[in-house]
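A.B. asks: Sharing a structure with you now.
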Amino acid sequence: MTKTVHVVDDDDSFLRSMGRRLRGHGYTVETYPSVADFLLRSDPEAPGCVLTDLQMPQRDGFELQDRLTESSNPLPVVFVTGKGDIRTSVRAIKAGAEDFLTKRVSTDELLMAVERALARCDQERIIRRQQQEARAKIAALPPREKQMLLGIVRGVPIRDYAEELGVAERTVKHYRTLLTRELGLTAAVDLARLVQDAGFTVEQLAEMAEE
């Protein structure tokens with residue numbers, strides 16, 4: 001899938017020059033005169049990154065950054081602004097921006113920031129896909145097997161967990177066997193890692209096991 005560099009700025013001349021600059025180095029580029037226009041882009045789930053000005057009418061670069069963070073596809077953000085200071089740059093980086101540049105940035109520095117942002121996009125999409133797959137696997141388990149997974153994640157020995165559940169040890173072993181067959185994993189560490197990849201806490205897994 002083509003990765004796109006989205007440039008957001010209320011200065012038309014800057015949009016045109018930045019568009020030419022990036023396209024001249026082989027990038028696919030889309031430009032937007034406002035945050036509102038960017039939020040209406042045709043494919044909000046596509047990979048890429050965002051280069052945005054900081055100060056713009058109505059919605060500024062920080063609001064754009066916040067909206068992306070809250071979205072299902074939080075594209076990495078690089079601020080490219082004519083007006084910035086240490087306080088705003090620190091705020092941007094703390095909120096997850098890939099970089100904070102001035103509009104006089106050299107081409108080499110600009111391209112390095114874009115490459116880092118696009119590489120980060122790839123890595124974060126892999127992590128999100130792994131999380132979605134892990135969540136789907138766990139959600140599809142029957143309640144008893146979710147219960148066994150919870151016991152493994154908590155590190156409770158089979159004998160103690162059987163006593164806690166009020167069942168025979170062989171019952172716990174039976175359902176653990178079903179669990180490992182269902183997930184295709186045998187080591188406890190791999191099962192615990194699956195829960196970690198899914199982003200579930202022990203408390204969330206316990207709630208799922210009770211459903």
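We name chains A, B, ... following the order of the structure tokens; residues begin at 1 in each chain, and ligands are numbered from 1 as shown.
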Extract, using only C-alpha atoms, all DNA, RNA and protein residues at most 8 Å from Lys83 of chain A, discarding same-chain residues fewer than 3 positions from it, and format them as an MDAnalysis selection string.

C.D. replies: chainID A and resid 54:55 102

A.B. asks: Write the selection just made, keeping C-alpha atoms, as a short mmCIF file (atom, residue, chain, number, x, y, z; two decimals), in the first residue's frame?

C.D. replies:
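What landed in part.cif:
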data_model
loop_
_atom_site.label_atom_id
_atom_site.label_comp_id
_atom_site.auth_asym_id
_atom_site.auth_seq_id
_atom_site.Cartn_x
_atom_site.Cartn_y
_atom_site.Cartn_z
CA LEU A 54 1.66 24.72 14.32
CA GLN A 55 -0.36 27.92 14.20
CA THR A 102 11.32 25.16 11.28
#

A.B. asks: Hey, could you make a per-residue contact list for segment 4-91 of chain A against segment 115-138 of chain A with 6 Å as the cut-off, showing the nearest pair of atoms and its distance in Å to one decimal, counting only C-alpha atoms, sorted by chain and number, as JSON lines?

C.D. replies:
{"residue": "A:Gly48", "atom": "CA", "partner": "A:Leu118", "partner_atom": "CA", "distance": 5.8}
{"residue": "A:Cys49", "atom": "CA", "partner": "A:Leu118", "partner_atom": "CA", "distance": 5.9}
{"residue": "A:Pro76", "atom": "CA", "partner": "A:Ala117", "partner_atom": "CA", "distance": 5.5}

A.B. asks: Please identify the strand (DSSP E) residues within segment 35-210 of chain A (assignment by DSSP from backbone atoms) and present them as a ChimeraX atom specification.

C.D. replies: /A:48-52,77-81,99-102

A.B. asks: What would the file look like if the residues just selected were written as a JSON list (two decimals), in the first residue's frame with N, CA and C atoms?

C.D. replies:
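Now in again_10.json:
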[["chain", "number", "residue", "atom", "x", "y", "z"],
["A", 48, "GLY", "N", 1.10, 6.36, 6.26],
["A", 48, "GLY", "CA", 1.76, 7.60, 5.86],
["A", 48, "GLY", "C", 2.22, 8.38, 7.07],
["A", 49, "CYS", "N", 2.41, 9.67, 6.90],
["A", 49, "CYS", "CA", 2.76, 10.55, 8.00],
["A", 49, "CYS", "C", 2.21, 11.94, 7.70],
["A", 50, "VAL", "N", 2.30, 12.82, 8.68],
["A", 50, "VAL", "CA", 1.74, 14.16, 8.54],
["A", 50, "VAL", "C", 2.80, 15.21, 8.85],
["A", 51, "LEU", "N", 2.94, 16.17, 7.94],
["A", 51, "LEU", "CA", 3.75, 17.36, 8.18],
["A", 51, "LEU", "C", 2.77, 18.51, 8.37],
["A", 52, "THR", "N", 2.80, 19.13, 9.53],
["A", 52, "THR", "CA", 1.81, 20.16, 9.80],
["A", 52, "THR", "C", 2.42, 21.42, 10.40],
["A", 77, "VAL", "N", 3.44, 12.40, 13.38],
["A", 77, "VAL", "CA", 3.36, 13.83, 13.05],
["A", 77, "VAL", "C", 4.75, 14.46, 13.11],
["A", 78, "VAL", "N", 5.06, 15.27, 12.10],
["A", 78, "VAL", "CA", 6.25, 16.11, 12.09],
["A", 78, "VAL", "C", 5.76, 17.56, 11.99],
["A", 79, "PHE", "N", 6.09, 18.37, 12.98],
["A", 79, "PHE", "CA", 5.73, 19.77, 12.91],
["A", 79, "PHE", "C", 6.76, 20.52, 12.06],
["A", 80, "VAL", "N", 6.29, 21.33, 11.14],
["A", 80, "VAL", "CA", 7.15, 22.19, 10.33],
["A", 80, "VAL", "C", 6.54, 23.58, 10.41],
["A", 81, "THR", "N", 7.10, 24.42, 11.25],
["A", 81, "THR", "CA", 6.47, 25.69, 11.55],
["A", 81, "THR", "C", 7.41, 26.88, 11.44],
["A", 99, "ASP", "N", 9.10, 14.84, 15.15],
["A", 99, "ASP", "CA", 10.11, 15.89, 15.12],
["A", 99, "ASP", "C", 9.42, 17.25, 15.12],
["A", 100, "PHE", "N", 10.19, 18.28, 15.40],
["A", 100, "PHE", "CA", 9.69, 19.65, 15.42],
["A", 100, "PHE", "C", 10.70, 20.49, 14.66],
["A", 101, "LEU", "N", 10.35, 20.92, 13.45],
["A", 101, "LEU", "CA", 11.27, 21.60, 12.55],
["A", 101, "LEU", "C", 10.78, 23.00, 12.22],
["A", 102, "THR", "N", 11.70, 23.85, 11.77],
["A", 102, "THR", "CA", 11.32, 25.16, 11.28],
["A", 102, "THR", "C", 11.14, 25.08, 9.77]]

A.B. asks: Find the spatial neighbours of Asp11 of chain A, counting only C-alpha atoms, within a cut-off of 12 Å - ignore same-chain residues fewer than 3 positions away - and output them as number ranges by chain.

C.D. replies: A: 7-8, 14-18, 31-34, 52-57, 81-82, 103

A.B. asks: Rounded to one decimal place, report the atom CA of Leu111 of chain A-atom CA of Gly24 of chain A distance in Å.

C.D. replies: 11.3 Å

A.B. asks: With DSSP run on the backbone, what are the helix (DSSP H, G or I) residues within segment 11-209 of chain A? I'd like them as an MDAnalysis selection string.

C.D. replies: chainID A and resid 12:23 35:39 61:70 86:94 107:139 143:154 158:165 169:183 188:198 202:209
